[in-house]
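A.B. asks: Pasting entry24.txt below, which is compact mmCIF, C-alpha atoms and all ligand atoms.
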# COMPACT_ATOMS: atom_id res chain seq x y z
CA MET B 279 -128.17 25.96 -124.48
CA ASP B 280 -129.70 22.84 -126.07
CA ALA B 281 -132.57 20.73 -124.76
CA GLN B 282 -130.16 18.43 -122.92
CA THR B 283 -128.20 21.10 -121.05
CA PRO B 284 -128.55 20.57 -117.29
CA LEU B 285 -130.46 23.35 -115.54
CA VAL B 286 -128.19 23.13 -112.50
CA THR B 287 -124.64 21.81 -112.42
CA PHE B 288 -122.56 21.43 -109.26
CA GLU B 289 -118.98 20.73 -110.22
CA ASP B 290 -116.69 19.65 -107.36
CA VAL B 291 -118.24 22.28 -105.08
CA THR B 292 -116.85 22.95 -101.61
CA PHE B 293 -118.30 25.63 -99.34
CA SER B 294 -117.40 26.53 -95.75
CA TYR B 295 -118.87 28.99 -93.28
CA GLY B 296 -115.62 30.03 -91.60
CA PRO B 297 -114.20 26.85 -90.06
CA THR B 298 -117.35 24.78 -90.76
CA THR B 299 -117.28 22.92 -94.07
CA ALA B 300 -120.93 22.59 -95.08
CA VAL B 301 -120.48 20.82 -98.44
CA GLU B 302 -117.36 19.18 -99.78
CA HIS B 303 -116.46 18.11 -103.33
CA VAL B 304 -120.10 17.81 -104.38
CA SER B 305 -120.88 17.14 -108.05
CA PHE B 306 -124.30 16.48 -109.54
CA THR B 307 -126.65 17.83 -112.19
CA VAL B 308 -130.36 18.57 -112.41
CA GLU B 309 -131.53 17.66 -115.92
CA PRO B 310 -134.52 19.22 -117.73
CA GLY B 311 -137.77 17.55 -116.68
CA ASP B 312 -136.33 15.93 -113.55
CA PHE B 313 -138.10 15.93 -110.21
CA VAL B 314 -135.09 15.86 -107.90
CA ALA B 315 -135.37 15.34 -104.16
CA LEU B 316 -132.40 16.58 -102.15
CA ILE B 317 -132.36 14.66 -98.87
CA GLY B 318 -130.05 14.30 -95.88
CA PRO B 319 -130.05 14.69 -92.10
CA ASN B 320 -130.16 18.06 -90.33
CA GLY B 321 -127.04 20.09 -90.97
CA SER B 322 -125.98 17.95 -93.96
CA GLY B 323 -125.72 20.91 -96.36
CA LYS B 324 -129.09 20.87 -98.17
CA THR B 325 -129.97 24.52 -97.63
CA THR B 326 -126.38 25.50 -98.39
CA LEU B 327 -126.65 23.77 -101.78
CA LEU B 328 -129.86 25.69 -102.52
CA LYS B 329 -128.20 28.97 -101.52
CA LEU B 330 -125.32 28.15 -103.88
CA ALA B 331 -127.79 27.34 -106.67
CA LEU B 332 -129.57 30.66 -106.07
CA GLY B 333 -126.30 32.59 -106.17
CA LEU B 334 -126.69 33.70 -102.54
CA GLU B 335 -123.33 32.12 -101.67
CA ARG B 336 -120.26 31.49 -103.83
CA PRO B 337 -118.25 28.26 -103.48
CA GLN B 338 -114.65 28.47 -102.30
CA HIS B 339 -113.86 25.60 -104.63
CA GLY B 340 -115.52 24.24 -107.77
CA ARG B 341 -118.27 25.91 -109.76
CA VAL B 342 -122.03 26.18 -110.10
CA LEU B 343 -123.70 26.53 -113.51
CA LEU B 344 -127.31 27.52 -114.20
CA PHE B 345 -128.78 26.63 -117.60
CA GLY B 346 -125.22 25.91 -118.74
CA GLN B 347 -123.90 29.34 -117.73
CA GLU B 348 -121.47 30.28 -114.99
CA ILE B 349 -123.64 31.59 -112.16
CA ASP B 350 -121.81 34.95 -112.17
CA GLN B 351 -122.86 35.49 -115.77
CA PHE B 352 -126.40 34.18 -115.35
CA LYS B 353 -129.05 36.89 -115.74
CA GLU B 354 -132.27 35.02 -116.52
CA TRP B 355 -133.45 34.72 -112.93
CA HIS B 356 -137.09 34.89 -114.07
CA ARG B 357 -136.58 31.29 -115.33
CA ILE B 358 -136.15 30.17 -111.73
CA GLY B 359 -138.90 30.07 -109.12
CA TYR B 360 -137.98 29.76 -105.45
CA VAL B 361 -140.27 28.62 -102.64
CA PRO B 362 -138.72 29.32 -99.23
CA GLN B 363 -139.40 27.45 -96.02
CA GLN B 364 -142.92 28.41 -95.16
CA ALA B 365 -142.15 29.51 -91.60
CA SER B 366 -139.74 32.19 -92.79
CA ALA B 367 -141.97 33.43 -95.59
CA PHE B 368 -144.72 35.51 -94.07
CA LYS B 369 -143.26 38.44 -92.27
CA VAL B 370 -145.89 40.63 -93.93
CA ARG B 371 -146.52 43.45 -91.48
CA PHE B 372 -149.60 44.85 -93.17
CA PRO B 373 -152.90 43.21 -94.13
CA ALA B 374 -152.10 41.86 -97.62
CA THR B 375 -154.46 39.71 -99.64
CA VAL B 376 -153.61 36.53 -101.51
CA GLY B 377 -153.90 38.35 -104.86
CA GLU B 378 -151.57 41.12 -103.72
CA VAL B 379 -148.87 38.78 -102.43
CA VAL B 380 -148.82 36.78 -105.67
CA SER B 381 -148.76 40.05 -107.65
CA TYR B 382 -145.54 41.08 -105.85
CA GLY B 383 -143.93 38.07 -107.52
CA GLU B 384 -144.49 39.80 -110.86
CA TYR B 385 -142.30 42.79 -110.21
CA ARG B 386 -138.60 42.24 -110.27
CA GLY B 387 -136.31 44.37 -108.18
CA PHE B 388 -137.53 47.01 -105.80
CA ASP B 389 -140.89 48.45 -106.76
CA PRO B 390 -142.12 50.91 -104.12
CA LEU B 391 -145.48 51.26 -105.87
CA ALA B 392 -146.22 47.54 -105.99
CA ILE B 393 -148.46 47.58 -102.94
CA PHE B 394 -150.65 50.33 -104.43
CA ARG B 395 -151.32 48.51 -107.69
CA THR B 396 -154.80 47.15 -108.06
CA GLY B 397 -156.21 44.43 -110.25
CA ILE B 398 -154.90 40.97 -110.96
CA SER B 399 -152.95 40.30 -114.16
CA PRO B 400 -153.56 37.20 -116.32
CA ALA B 401 -150.21 35.77 -115.14
CA VAL B 402 -151.23 36.09 -111.49
CA GLU B 403 -154.68 34.68 -112.25
CA GLY B 404 -153.08 31.69 -114.02
CA ALA B 405 -150.72 31.04 -111.09
CA LEU B 406 -153.60 31.20 -108.59
CA HIS B 407 -155.64 28.76 -110.68
CA THR B 408 -152.66 26.39 -110.92
CA VAL B 409 -152.48 26.09 -107.14
CA ASP B 410 -156.27 26.08 -106.81
CA MET B 411 -156.33 29.35 -104.85
CA TRP B 412 -158.25 31.62 -107.22
CA GLU B 413 -161.31 31.75 -105.02
CA TYR B 414 -159.11 32.94 -102.13
CA ARG B 415 -157.70 35.95 -104.02
CA GLN B 416 -159.42 38.54 -101.77
CA ARG B 417 -158.64 36.67 -98.56
CA LEU B 418 -156.07 38.09 -96.12
CA VAL B 419 -152.90 36.02 -95.97
CA SER B 420 -153.10 36.02 -92.17
CA GLU B 421 -156.41 34.11 -92.44
CA LEU B 422 -154.97 31.20 -94.45
CA SER B 423 -154.10 27.75 -93.15
CA THR B 424 -150.48 26.62 -93.29
CA GLY B 425 -151.17 24.49 -96.36
CA GLN B 426 -152.89 27.39 -98.14
CA GLN B 427 -150.00 29.73 -97.30
CA GLN B 428 -147.64 27.23 -98.82
CA ARG B 429 -149.71 27.03 -102.03
CA LEU B 430 -149.69 30.82 -102.12
CA LEU B 431 -145.89 30.82 -102.02
CA ILE B 432 -145.84 28.36 -104.89
CA ALA B 433 -148.22 30.59 -106.88
CA ARG B 434 -145.88 33.53 -106.29
CA ALA B 435 -142.94 31.46 -107.57
CA LEU B 436 -144.95 30.38 -110.65
CA VAL B 437 -145.92 33.83 -111.89
CA HIS B 438 -143.04 33.95 -114.38
CA GLN B 439 -143.71 30.36 -115.46
CA PRO B 440 -140.21 29.28 -114.41
CA ALA B 441 -138.47 26.35 -116.09
CA LEU B 442 -136.93 25.42 -112.74
CA LEU B 443 -138.68 25.46 -109.38
CA MET B 444 -136.56 25.17 -106.21
CA LEU B 445 -138.28 24.48 -102.91
CA ASP B 446 -136.79 24.35 -99.40
CA GLU B 447 -138.56 21.97 -96.98
CA PRO B 448 -141.96 23.25 -98.07
CA THR B 449 -144.22 20.81 -96.24
CA ALA B 450 -143.07 21.56 -92.68
CA GLY B 451 -146.19 22.18 -90.60
CA VAL B 452 -148.59 21.23 -93.40
CA ASP B 453 -151.18 18.55 -92.56
CA VAL B 454 -151.40 15.24 -94.44
CA ALA B 455 -154.19 16.38 -96.78
CA GLY B 456 -152.28 19.57 -97.55
CA GLN B 457 -149.11 17.58 -98.28
CA ASP B 458 -151.01 15.28 -100.59
CA GLN B 459 -152.36 18.26 -102.51
CA PHE B 460 -148.88 19.77 -102.61
CA TYR B 461 -147.25 16.66 -104.13
CA THR B 462 -150.07 16.29 -106.64
CA LEU B 463 -149.43 19.87 -107.73
CA LEU B 464 -145.68 19.30 -108.08
CA ARG B 465 -146.31 16.11 -110.10
CA GLN B 466 -148.66 18.00 -112.42
CA LEU B 467 -146.22 20.88 -112.90
CA CYS B 468 -143.43 18.46 -113.69
CA ARG B 469 -145.41 16.09 -115.93
CA ASP B 470 -147.87 18.43 -117.66
CA GLN B 471 -145.92 21.69 -117.89
CA GLY B 472 -142.41 20.25 -118.02
CA THR B 473 -141.29 22.24 -114.97
CA THR B 474 -138.06 20.90 -113.50
CA VAL B 475 -138.24 20.56 -109.71
CA LEU B 476 -135.47 20.61 -107.11
CA LEU B 477 -137.03 19.88 -103.73
CA VAL B 478 -135.18 19.93 -100.40
CA SER B 479 -136.98 17.64 -98.00
CA HIS B 480 -136.61 15.83 -94.71
CA ASP B 481 -139.50 13.51 -95.56
CA VAL B 482 -137.58 10.58 -97.06
CA GLY B 483 -140.48 8.18 -97.50
CA VAL B 484 -142.69 10.61 -99.38
CA VAL B 485 -140.04 12.06 -101.65
CA LEU B 486 -138.74 8.65 -102.69
CA HIS B 487 -142.27 7.93 -103.78
CA GLU B 488 -142.69 11.20 -105.70
CA ALA B 489 -139.29 12.15 -107.10
CA THR B 490 -137.67 10.75 -110.25
CA LYS B 491 -134.11 11.44 -109.02
CA VAL B 492 -132.58 11.61 -105.58
CA VAL B 493 -129.52 13.42 -104.29
CA CYS B 494 -128.43 12.19 -100.85
CA ILE B 495 -126.07 14.59 -99.12
CA ASN B 496 -124.20 14.43 -95.87
CA ARG B 497 -121.58 17.13 -96.44
CA THR B 498 -120.27 14.92 -99.25
CA LEU B 499 -122.46 13.27 -101.87
CA VAL B 500 -123.72 9.86 -100.68
CA PHE B 501 -125.95 8.99 -103.65
CA HIS B 502 -127.15 10.57 -106.87
CA GLY B 503 -129.38 8.60 -109.18
CA SER B 504 -132.89 7.45 -109.91
CA ALA B 505 -135.30 7.26 -106.98
CA GLN B 506 -135.88 3.56 -107.69
CA GLU B 507 -132.19 2.75 -107.35
CA VAL B 508 -131.60 4.22 -103.91
CA THR B 509 -131.23 1.35 -101.45
CA ASP B 510 -131.89 0.94 -97.75
CA ALA B 511 -128.12 0.67 -97.35
CA ASP B 512 -127.62 4.12 -98.98
CA LEU B 513 -130.22 5.60 -96.65
CA SER B 514 -128.80 3.93 -93.57
CA ARG B 515 -125.38 5.31 -94.52
CA LEU B 516 -126.99 8.72 -94.92
CA TYR B 517 -128.92 8.83 -91.66
CA GLY B 518 -126.76 6.51 -89.57
CA PHE B 519 -129.62 4.13 -88.72
CA SER B 520 -131.97 1.83 -90.60
CA VAL B 521 -134.72 3.76 -92.37
CA ASP B 522 -136.43 0.69 -93.72
CA LEU B 523 -139.61 1.38 -91.79
CA ILE B 524 -139.84 5.00 -92.81
CA ILE B 525 -139.88 4.13 -96.49
CA HIS B 526 -142.37 1.33 -96.32
CA ARG B 527 -144.81 3.21 -94.16
CA HIS B 528 -145.68 5.41 -97.13
CA GLN B 529 -146.12 2.69 -99.73
P1 LIG R 601 -129.34 21.45 -93.80
O1 LIG R 601 -130.10 22.38 -94.69
O2 LIG R 601 -129.08 20.11 -94.41
O3 LIG R 601 -129.95 21.32 -92.43
P2 LIG R 601 -127.32 23.53 -93.79
O4 LIG R 601 -126.91 23.70 -95.20
O5 LIG R 601 -128.26 24.53 -93.22
O6 LIG R 601 -127.88 22.06 -93.58
O7 LIG R 601 -126.01 23.54 -92.86
C1 LIG R 601 -124.85 22.79 -93.16
C2 LIG R 601 -123.78 23.08 -92.11
O8 LIG R 601 -123.38 24.45 -92.20
C3 LIG R 601 -124.23 22.85 -90.68
O9 LIG R 601 -123.13 22.35 -89.96
C4 LIG R 601 -124.61 24.23 -90.21
O10 LIG R 601 -124.45 24.35 -88.82
C5 LIG R 601 -123.62 25.10 -90.95
N1 LIG R 601 -124.16 26.44 -91.24
C6 LIG R 601 -125.27 26.70 -91.97
N2 LIG R 601 -125.47 28.04 -92.07
C7 LIG R 601 -124.44 28.64 -91.39
C8 LIG R 601 -124.07 30.00 -91.14
N3 LIG R 601 -124.79 31.01 -91.62
N4 LIG R 601 -122.96 30.21 -90.40
C9 LIG R 601 -122.23 29.17 -89.93
N5 LIG R 601 -122.50 27.87 -90.13
C10 LIG R 601 -123.60 27.60 -90.85
Translate the structure of the given file into structure tokens.
Ligand code: ADP
C.D. replies:
Amino acid sequence: MDAQTPLVTFEDVTFSYGPTTAVEHVSFTVEPGDFVALIGPNGSGKTTLLKLALGLERPQHGRVLLFGQEIDQFKEWHRIGYVPQQASAFKVRFPATVGEVVSYGEYRGFDPLAIFRTGISPAVEGALHTVDMWEYRQRLVSELSTGQQQRLLIARALVHQPALLMLDEPTAGVDVAGQDQFYTLLRQLCRDQGTTVLLVSHDVGVVLHEATKVVCINRTLVFHGSAQEVTDADLSRLYGFSVDLIIHRHQ
């Protein structure tokens, strides 16, 4: 793989859940250093594309490459960090601290002893500092605000210093200040550490402001290009109504 190899490649990908075609003939790439926003209305196939990129589903047609490799051959999963939708993330049934939850991100595969390990490794400490949560390391996860929980999930995804960070609608339920902090963090990761970001979002106005590239999906690909080039007409085609106001409200 050379420096220009795309980190994610969708090549004419079609995927159906039984009779429901979720994505159809979709092709696009995520290049190193990009901050890509994947946008589209509810049910347009965004989460399905992430599942395909994480190898959780296989396309019926076309192919998905990660770091230039066929996904079936890809083994370097530590190079990818994944931040799930916050609501589905914390099903922790025991009183875990911030430090412990981020530490679980360090162990790959099933590690029955993980919860008994004590101490915080330098990698975990670094990840907690990156998201500005170091001082919360002894705090119980159940005592965190929604925005703090979301930063915790990002810290967990950052423990392996991934080259590619994929996030699924991560700002749902996070207040405006928390969102601001979140986008600042993503910008810093992308600009200062060269982390490539693929962000699924419903928040069109904000992501057009933050992302360098945009993928608009509505089962088929509506637009793929630089965030500056996406037009009101593309967005109206995507959402089926004028989104003029939504974009300008955030500028
Ligand atoms: P988005 O993330 O953009 O809201 P999804 O990728 O979740 O969209 O869904 C795309 C389409 O696939 C929708 O029509 C949805 O109802 C359907 N779908 C998603 N998951 C499943 C599933 N597990 N079984 C059947 N249909 C599904």
A.B. asks: What box, with edges along x, y and z, holds each listed atom of segment 339-347 of chain B when 4 Å is added on every side, and can you state its centre and edge lengths in Å to one decimal, as AutoDock Vina command-line options?
C.D. replies:
--center_x -121.3 --center_y 26.8 --center_z -111.7 --size_x 22.9 --size_y 13.1 --size_z 22.1
A.B. asks: Write out as an mmCIF file with C-alpha atoms, in the frame of the given file which residues come within 7 Å of Glu302 of chain B when counting all atoms listed in the file, dropping same-chain ones fewer than 4 positions away.
C.D. replies:
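Result file is part-v8.cif:
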data_model
loop_
_atom_site.group_PDB
_atom_site.id
_atom_site.type_symbol
_atom_site.label_atom_id
_atom_site.label_comp_id
_atom_site.auth_asym_id
_atom_site.auth_seq_id
_atom_site.Cartn_x
_atom_site.Cartn_y
_atom_site.Cartn_z
ATOM 1 C CA VAL B 291 -118.240 22.280 -105.080
ATOM 2 C CA THR B 292 -116.850 22.950 -101.610
ATOM 3 C CA PHE B 293 -118.300 25.630 -99.340
ATOM 4 C CA ARG B 497 -121.580 17.130 -96.440
ATOM 5 C CA THR B 498 -120.270 14.920 -99.250
#
A.B. asks: Enumerate, in order of chain and increasing residue number, the residues of chain B with an atom no farther than 7 Å from ligand LIG 601 (chain R), each with its shortest atom pair and distance in Å to one decimal, counting only C-alpha atoms and all ligand atoms, as JSON lines.
C.D. replies:
{"residue": "B:Tyr295", "atom": "CA", "partner": "R:LIG601", "partner_atom": "C9", "distance": 4.7}
{"residue": "B:Gly296", "atom": "CA", "partner": "R:LIG601", "partner_atom": "C9", "distance": 6.9}
{"residue": "B:Thr298", "atom": "CA", "partner": "R:LIG601", "partner_atom": "N5", "distance": 6.0}
{"residue": "B:Thr299", "atom": "CA", "partner": "R:LIG601", "partner_atom": "O8", "distance": 6.6}
{"residue": "B:Ala300", "atom": "CA", "partner": "R:LIG601", "partner_atom": "C2", "distance": 4.1}
{"residue": "B:Gly318", "atom": "CA", "partner": "R:LIG601", "partner_atom": "O2", "distance": 6.1}
{"residue": "B:Pro319", "atom": "CA", "partner": "R:LIG601", "partner_atom": "O2", "distance": 6.0}
{"residue": "B:Asn320", "atom": "CA", "partner": "R:LIG601", "partner_atom": "O3", "distance": 3.9}
{"residue": "B:Gly321", "atom": "CA", "partner": "R:LIG601", "partner_atom": "O6", "distance": 3.4}
{"residue": "B:Ser322", "atom": "CA", "partner": "R:LIG601", "partner_atom": "O2", "distance": 3.8}
{"residue": "B:Gly323", "atom": "CA", "partner": "R:LIG601", "partner_atom": "O4", "distance": 3.2}
{"residue": "B:Lys324", "atom": "CA", "partner": "R:LIG601", "partner_atom": "O2", "distance": 3.8}
{"residue": "B:Thr325", "atom": "CA", "partner": "R:LIG601", "partner_atom": "O1", "distance": 3.6}
{"residue": "B:Thr326", "atom": "CA", "partner": "R:LIG601", "partner_atom": "O4", "distance": 3.7}
{"residue": "B:Leu327", "atom": "CA", "partner": "R:LIG601", "partner_atom": "O4", "distance": 6.6}
A.B. asks: Compare B:Thr424, B:Ser514, B:Ser305, B:Gln347 by their minimum atom-to-atom distance to Met279 of chain B, counting all atoms listed in the file, and give me the closest one.
C.D. replies: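 Closest to Met279 of chain B, using all atoms listed in the file: B:Gln347.
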A.B. asks: Which residue out of B:Gln471, B:Gln428, B:Thr490, B:Ser479 has the minimum interatomic distance to Leu316 of chain B when all atoms listed in the file are used?
C.D. replies: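 Using all atoms listed in the file, the shortest distance to Leu316 of chain B belongs to B:Ser479.
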A.B. asks: Skipping near chain neighbours, those fewer than 3 positions away, what residues fall within 8 Å of Asp446 of chain B using only C-alpha atoms, listed as an MDAnalysis selection string?
C.D. replies: chainID B and resid 325 328 361:363 477:479
A.B. asks: Determine the nearest neighbour of Phe306 of chain B from the options B:Leu332, B:Arg415, B:Ile495, B:Leu463, counting all atoms listed in the file.
C.D. replies: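 Closest to Phe306 of chain B of all the choices is B:Ile495.
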A.B. asks: Report, in Å to a single decimal, how far apart atom CA of Gly383 of chain B and atom CA of Arg434 of chain B are.
C.D. replies: 5.1 Å
A.B. asks: As a ChimeraX atom specification, please: the residues near Pro310 of chain B (cut-off 10 Å, only C-alpha atoms, same-chain neighbours under 3 positions excluded).
C.D. replies: /B:281-286,307,313,345,441-442,468,472-475
A.B. asks: Work out how far atom CA of Pro440 of chain B is from atom CA of Ser399 of chain B, in Å to one decimal.
C.D. replies: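 Distance between the two atoms: 16.8 Å.
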A.B. asks: Restricting the calculation to all atoms listed in the file: of B:Val301, B:Ile317, B:Val379, B:Val454, which residue gets closest to Phe501 of chain B?
C.D. replies: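 Using all atoms listed in the file, Phe501 of chain B sits closest to B:Ile317.
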A.B. asks: Quick one: distance from atom CA of Gly397 of chain B to atom CA of Pro448 of chain B in Å, one decimal?
C.D. replies: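 Between atom CA of Gly397 of chain B and atom CA of Pro448 of chain B the gap works out to 28.3 Å.
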